[in-house]
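Chemist: One structure follows; several queries about it will come next.
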Amino acid sequence: MYEGTSLAGLLKQAGAVQGAQLRGKAMATYVVAEGSDGYRVIYSLAELDSDFLDSEVIVADTMDGKPLGEKLGPLRLVAPHDKRPARWVRMLHAIQVVNISK
């Protein structure tokens with residue numbers, strides 16, 4: 001059982017477009033999450049927005065009530081609804097929001 005904060009909540013605090021404002025050119029926005037080992041994954045901004053999906057991607061800092069060990073943490077991106085954990089990022093150290101619209 002992982003616990004932490006929602007990635008959508010962090011993006012909101014950072015000023016990322018969400019909700020009804022997420023349309024048009026903003027739909028060409030993606031989020032890159034990177035671990036300190038260089039592993040990177042991408043999510044579209046829309047798939048992290050509760051107006052589109054209930055993705056519940058979290059930035060976890062605990063597992064089973066205990067801090068993550070050094071091989072997983074101190075932070076881990078967890079996507080519990082993905083069928084495979086391929087977009088889970090251990091040792092999370094960077095999250096970047098990129099818009100590719102012109």
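Identifiers for the structure tokens are assigned positionally: chains receive A, B, ... in sequence, residues are indexed from 1 per chain, and ligands are indexed from 1 in the order shown.
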What's the 9 Å shell around Ser101 of chain A, counting only C-alpha atoms, without same-chain residues fewer than 2 positions away, as a PyMOL selection string?

Modeler: chain A and resi 25-29+99

Chemist: Go ahead and dump the residues you just picked, N, CA, C and O atoms, as a tab-separated table (two decimals), in the first residue's frame.

Modeler:
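Listing of result11.tsv after writing:
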```
chain	number	residue	atom	x	y	z
A	25	LYS	N	-4.79	24.11	-27.44
A	25	LYS	CA	-3.34	23.93	-27.43
A	25	LYS	C	-2.82	23.28	-26.15
A	25	LYS	O	-1.79	22.61	-26.16
A	26	ALA	N	-3.55	23.44	-25.07
A	26	ALA	CA	-3.13	22.82	-23.80
A	26	ALA	C	-3.19	21.30	-23.88
A	26	ALA	O	-2.51	20.61	-23.12
A	27	MET	N	-3.97	20.76	-24.83
A	27	MET	CA	-4.06	19.31	-24.98
A	27	MET	C	-2.77	18.72	-25.55
A	27	MET	O	-2.60	17.51	-25.56
A	28	ALA	N	-1.86	19.56	-26.00
A	28	ALA	CA	-0.56	19.09	-26.50
A	28	ALA	C	0.50	19.21	-25.41
A	28	ALA	O	1.65	19.55	-25.67
A	29	THR	N	0.10	18.94	-24.17
A	29	THR	CA	1.00	19.04	-23.03
A	29	THR	C	1.22	17.65	-22.45
A	29	THR	O	0.27	16.86	-22.32
A	99	ASN	N	4.84	21.58	-23.20
A	99	ASN	CA	3.79	21.81	-24.18
A	99	ASN	C	4.44	21.89	-25.55
A	99	ASN	O	5.38	22.64	-25.76
```

Chemist: Write down as a ChimeraX atom specification the residues belonging to segment 2-102 of chain A that are assigned strand (DSSP E) by DSSP computed on the backbone.

Modeler: /A:2-6,29-35,40-44,58-63,66-67,76-78,92-99

Chemist: Which residues are close to segment 52-66 of chain A, i.e. within 8 Å by only C-alpha atoms, leaving aside same-chain residues fewer than 5 positions away? Reply as a list in words.

Modeler: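 Answer for this query is Met1, Tyr2, Glu3, Gly4, Thr5, Ser6, Leu7, Ala8, Ala46, Glu47, Gly73, Pro74, Leu75, Arg76, Leu77, Val78, Ala79, Pro80 and His81 of chain A.
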
Chemist: For Gly19 of chain A, work out the shell of residues within 7 Å, counting only C-alpha atoms and skipping chain neighbours fewer than 2 positions away, then give it as an NGL selection string.

Modeler: :A and (21-22 or 49 or 51)

Chemist: Counting only C-alpha atoms, figure out which residue out of A:Gly24, A:Gly38, A:Pro85, A:Gln13 gets nearest to Ile100 of chain A.

Modeler: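 Between A:Gly24, A:Gly38, A:Pro85, A:Gln13, the residue approaching Ile100 of chain A most closely is A:Gly24.
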
Chemist: Compile the contact shell of Gly35 of chain A as a list in words: residues with an atom at most 6 Å away, counting only C-alpha atoms, same-chain residues fewer than 3 positions apart removed.

Modeler: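 The filter keeps Gly38, Tyr39, Val89, Arg90, Met91, Leu92 and His93 of chain A.
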
Chemist: Would you export the selected residues with N, CA, C and O atoms as an mmCIF file, in the first residue's frame, please?

Modeler:
```cif
data_model
loop_
_atom_site.group_PDB
_atom_site.id
_atom_site.type_symbol
_atom_site.label_atom_id
_atom_site.label_comp_id
_atom_site.auth_asym_id
_atom_site.auth_seq_id
_atom_site.Cartn_x
_atom_site.Cartn_y
_atom_site.Cartn_z
ATOM 1 N N GLY A 38 17.946 7.637 -14.332
ATOM 2 C CA GLY A 38 17.770 8.004 -15.738
ATOM 3 C C GLY A 38 16.511 7.456 -16.387
ATOM 4 O O GLY A 38 16.194 7.797 -17.520
ATOM 5 N N TYR A 39 15.767 6.621 -15.672
ATOM 6 C CA TYR A 39 14.527 6.060 -16.216
ATOM 7 C C TYR A 39 13.501 7.187 -16.361
ATOM 8 O O TYR A 39 13.321 7.984 -15.445
ATOM 9 N N VAL A 89 7.994 5.065 -11.454
ATOM 10 C CA VAL A 89 9.368 5.571 -11.450
ATOM 11 C C VAL A 89 9.899 5.550 -10.021
ATOM 12 O O VAL A 89 9.392 6.252 -9.154
ATOM 13 N N ARG A 90 10.909 4.742 -9.806
ATOM 14 C CA ARG A 90 11.550 4.713 -8.482
ATOM 15 C C ARG A 90 12.572 5.832 -8.419
ATOM 16 O O ARG A 90 13.019 6.345 -9.450
ATOM 17 N N MET A 91 12.955 6.213 -7.240
ATOM 18 C CA MET A 91 13.947 7.270 -7.009
ATOM 19 C C MET A 91 13.609 8.524 -7.816
ATOM 20 O O MET A 91 14.461 9.140 -8.445
ATOM 21 N N LEU A 92 12.328 8.888 -7.797
ATOM 22 C CA LEU A 92 11.839 10.041 -8.551
ATOM 23 C C LEU A 92 12.586 11.300 -8.131
ATOM 24 O O LEU A 92 12.693 11.606 -6.949
ATOM 25 N N HIS A 93 13.114 12.036 -9.119
ATOM 26 C CA HIS A 93 13.826 13.266 -8.761
ATOM 27 C C HIS A 93 13.434 14.455 -9.627
ATOM 28 O O HIS A 93 13.823 15.587 -9.302
#
```

Chemist: Determine which residues of segment 2-61 of chain A receive a DSSP assignment of helix (DSSP H, G or I), computed from the backbone, and state them as a list of chain:residue names.

Modeler: A:Leu7, A:Ala8, A:Gly9, A:Leu10, A:Leu11, A:Lys12, A:Gln13, A:Gly19, A:Ala20, A:Gln21, A:Gly24, A:Lys25, A:Ala26, A:Met27, A:Ala28, A:Ala46, A:Glu47, A:Leu48

Chemist: Mind writing the picked residues with all heavy atoms as a compact mmCIF listing (two decimals), in the first residue's frame?

Modeler:
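Saved the output as selection_15.txt:
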```txt
# COMPACT_ATOMS: atom_id res chain seq x y z
N LEU A 7 -0.24 13.24 -8.15
CA LEU A 7 0.54 13.98 -9.13
C LEU A 7 -0.29 15.14 -9.66
O LEU A 7 0.23 16.24 -9.85
CB LEU A 7 0.99 13.06 -10.26
CG LEU A 7 1.82 13.71 -11.37
CD1 LEU A 7 3.04 14.42 -10.81
CD2 LEU A 7 2.22 12.66 -12.39
N ALA A 8 -1.58 14.94 -9.84
CA ALA A 8 -2.46 16.02 -10.31
C ALA A 8 -2.45 17.20 -9.34
O ALA A 8 -2.43 18.36 -9.76
CB ALA A 8 -3.88 15.50 -10.51
N GLY A 9 -2.45 16.93 -8.05
CA GLY A 9 -2.39 17.99 -7.05
C GLY A 9 -1.09 18.78 -7.12
O GLY A 9 -1.09 20.01 -7.00
N LEU A 10 0.02 18.08 -7.32
CA LEU A 10 1.31 18.76 -7.47
C LEU A 10 1.33 19.62 -8.73
O LEU A 10 1.83 20.74 -8.71
CB LEU A 10 2.44 17.75 -7.51
CG LEU A 10 2.74 17.01 -6.22
CD1 LEU A 10 3.82 15.96 -6.45
CD2 LEU A 10 3.17 17.98 -5.13
N LEU A 11 0.76 19.10 -9.81
CA LEU A 11 0.72 19.86 -11.06
C LEU A 11 -0.15 21.11 -10.91
O LEU A 11 0.18 22.16 -11.44
CB LEU A 11 0.21 18.98 -12.20
CG LEU A 11 1.14 17.83 -12.59
CD1 LEU A 11 0.44 16.90 -13.57
CD2 LEU A 11 2.44 18.34 -13.15
N LYS A 12 -1.23 20.98 -10.17
CA LYS A 12 -2.11 22.13 -9.92
C LYS A 12 -1.34 23.20 -9.15
O LYS A 12 -1.40 24.40 -9.49
CB LYS A 12 -3.35 21.71 -9.15
CG LYS A 12 -4.32 22.83 -8.89
CD LYS A 12 -5.56 22.33 -8.19
CE LYS A 12 -6.55 23.47 -7.99
NZ LYS A 12 -7.80 23.00 -7.37
N GLN A 13 -0.61 22.80 -8.11
CA GLN A 13 0.17 23.75 -7.33
C GLN A 13 1.25 24.43 -8.18
O GLN A 13 1.60 25.58 -7.95
CB GLN A 13 0.83 23.06 -6.14
CG GLN A 13 -0.14 22.70 -5.04
CD GLN A 13 0.56 22.01 -3.88
OE1 GLN A 13 1.68 21.52 -3.98
NE2 GLN A 13 -0.13 21.97 -2.75
N GLY A 19 -8.73 20.87 -15.62
CA GLY A 19 -10.18 21.04 -15.66
C GLY A 19 -10.67 21.60 -16.98
O GLY A 19 -10.18 21.25 -18.05
N ALA A 20 -11.64 22.50 -16.90
CA ALA A 20 -12.27 23.08 -18.09
C ALA A 20 -11.28 23.86 -18.95
O ALA A 20 -11.50 24.03 -20.14
CB ALA A 20 -13.42 23.99 -17.67
N GLN A 21 -10.18 24.32 -18.36
CA GLN A 21 -9.17 25.06 -19.11
C GLN A 21 -8.30 24.15 -19.98
O GLN A 21 -7.59 24.62 -20.86
CB GLN A 21 -8.28 25.87 -18.16
CG GLN A 21 -9.03 26.86 -17.31
CD GLN A 21 -9.82 27.86 -18.15
OE1 GLN A 21 -9.29 28.40 -19.10
NE2 GLN A 21 -11.08 28.07 -17.79
N GLY A 24 -7.88 22.73 -26.42
CA GLY A 24 -7.10 23.40 -27.45
C GLY A 24 -5.62 23.07 -27.37
O GLY A 24 -5.23 21.91 -27.26
N LYS A 25 -4.79 24.11 -27.44
CA LYS A 25 -3.34 23.93 -27.43
C LYS A 25 -2.82 23.28 -26.15
O LYS A 25 -1.79 22.61 -26.16
CB LYS A 25 -2.63 25.26 -27.66
CG LYS A 25 -2.79 25.78 -29.07
CD LYS A 25 -2.00 27.05 -29.28
CE LYS A 25 -2.16 27.51 -30.72
NZ LYS A 25 -1.30 28.64 -31.03
N ALA A 26 -3.55 23.44 -25.07
CA ALA A 26 -3.13 22.82 -23.80
C ALA A 26 -3.19 21.30 -23.88
O ALA A 26 -2.51 20.61 -23.12
CB ALA A 26 -4.00 23.32 -22.65
N MET A 27 -3.97 20.76 -24.83
CA MET A 27 -4.06 19.31 -24.98
C MET A 27 -2.77 18.72 -25.55
O MET A 27 -2.60 17.51 -25.56
CB MET A 27 -5.24 18.94 -25.88
CG MET A 27 -6.59 19.22 -25.23
SD MET A 27 -6.87 18.25 -23.73
CE MET A 27 -7.02 16.63 -24.41
N ALA A 28 -1.86 19.56 -26.00
CA ALA A 28 -0.56 19.09 -26.50
C ALA A 28 0.50 19.21 -25.41
O ALA A 28 1.65 19.55 -25.67
CB ALA A 28 -0.16 19.89 -27.73
N ALA A 46 -3.73 15.40 -19.96
CA ALA A 46 -5.15 15.03 -19.87
C ALA A 46 -5.37 13.74 -19.08
O ALA A 46 -6.32 13.64 -18.31
CB ALA A 46 -5.75 14.89 -21.27
N GLU A 47 -4.49 12.75 -19.24
CA GLU A 47 -4.72 11.50 -18.52
C GLU A 47 -4.46 11.63 -17.02
O GLU A 47 -4.80 10.74 -16.25
CB GLU A 47 -3.93 10.35 -19.12
CG GLU A 47 -2.46 10.36 -18.87
CD GLU A 47 -1.74 9.21 -19.54
OE1 GLU A 47 -2.06 8.03 -19.28
OE2 GLU A 47 -0.83 9.50 -20.33
N LEU A 48 -3.90 12.74 -16.59
CA LEU A 48 -3.69 12.99 -15.16
C LEU A 48 -4.77 13.90 -14.58
O LEU A 48 -4.76 14.18 -13.39
CB LEU A 48 -2.31 13.63 -14.95
CG LEU A 48 -1.12 12.77 -15.37
CD1 LEU A 48 0.16 13.57 -15.31
CD2 LEU A 48 -1.03 11.52 -14.51
```
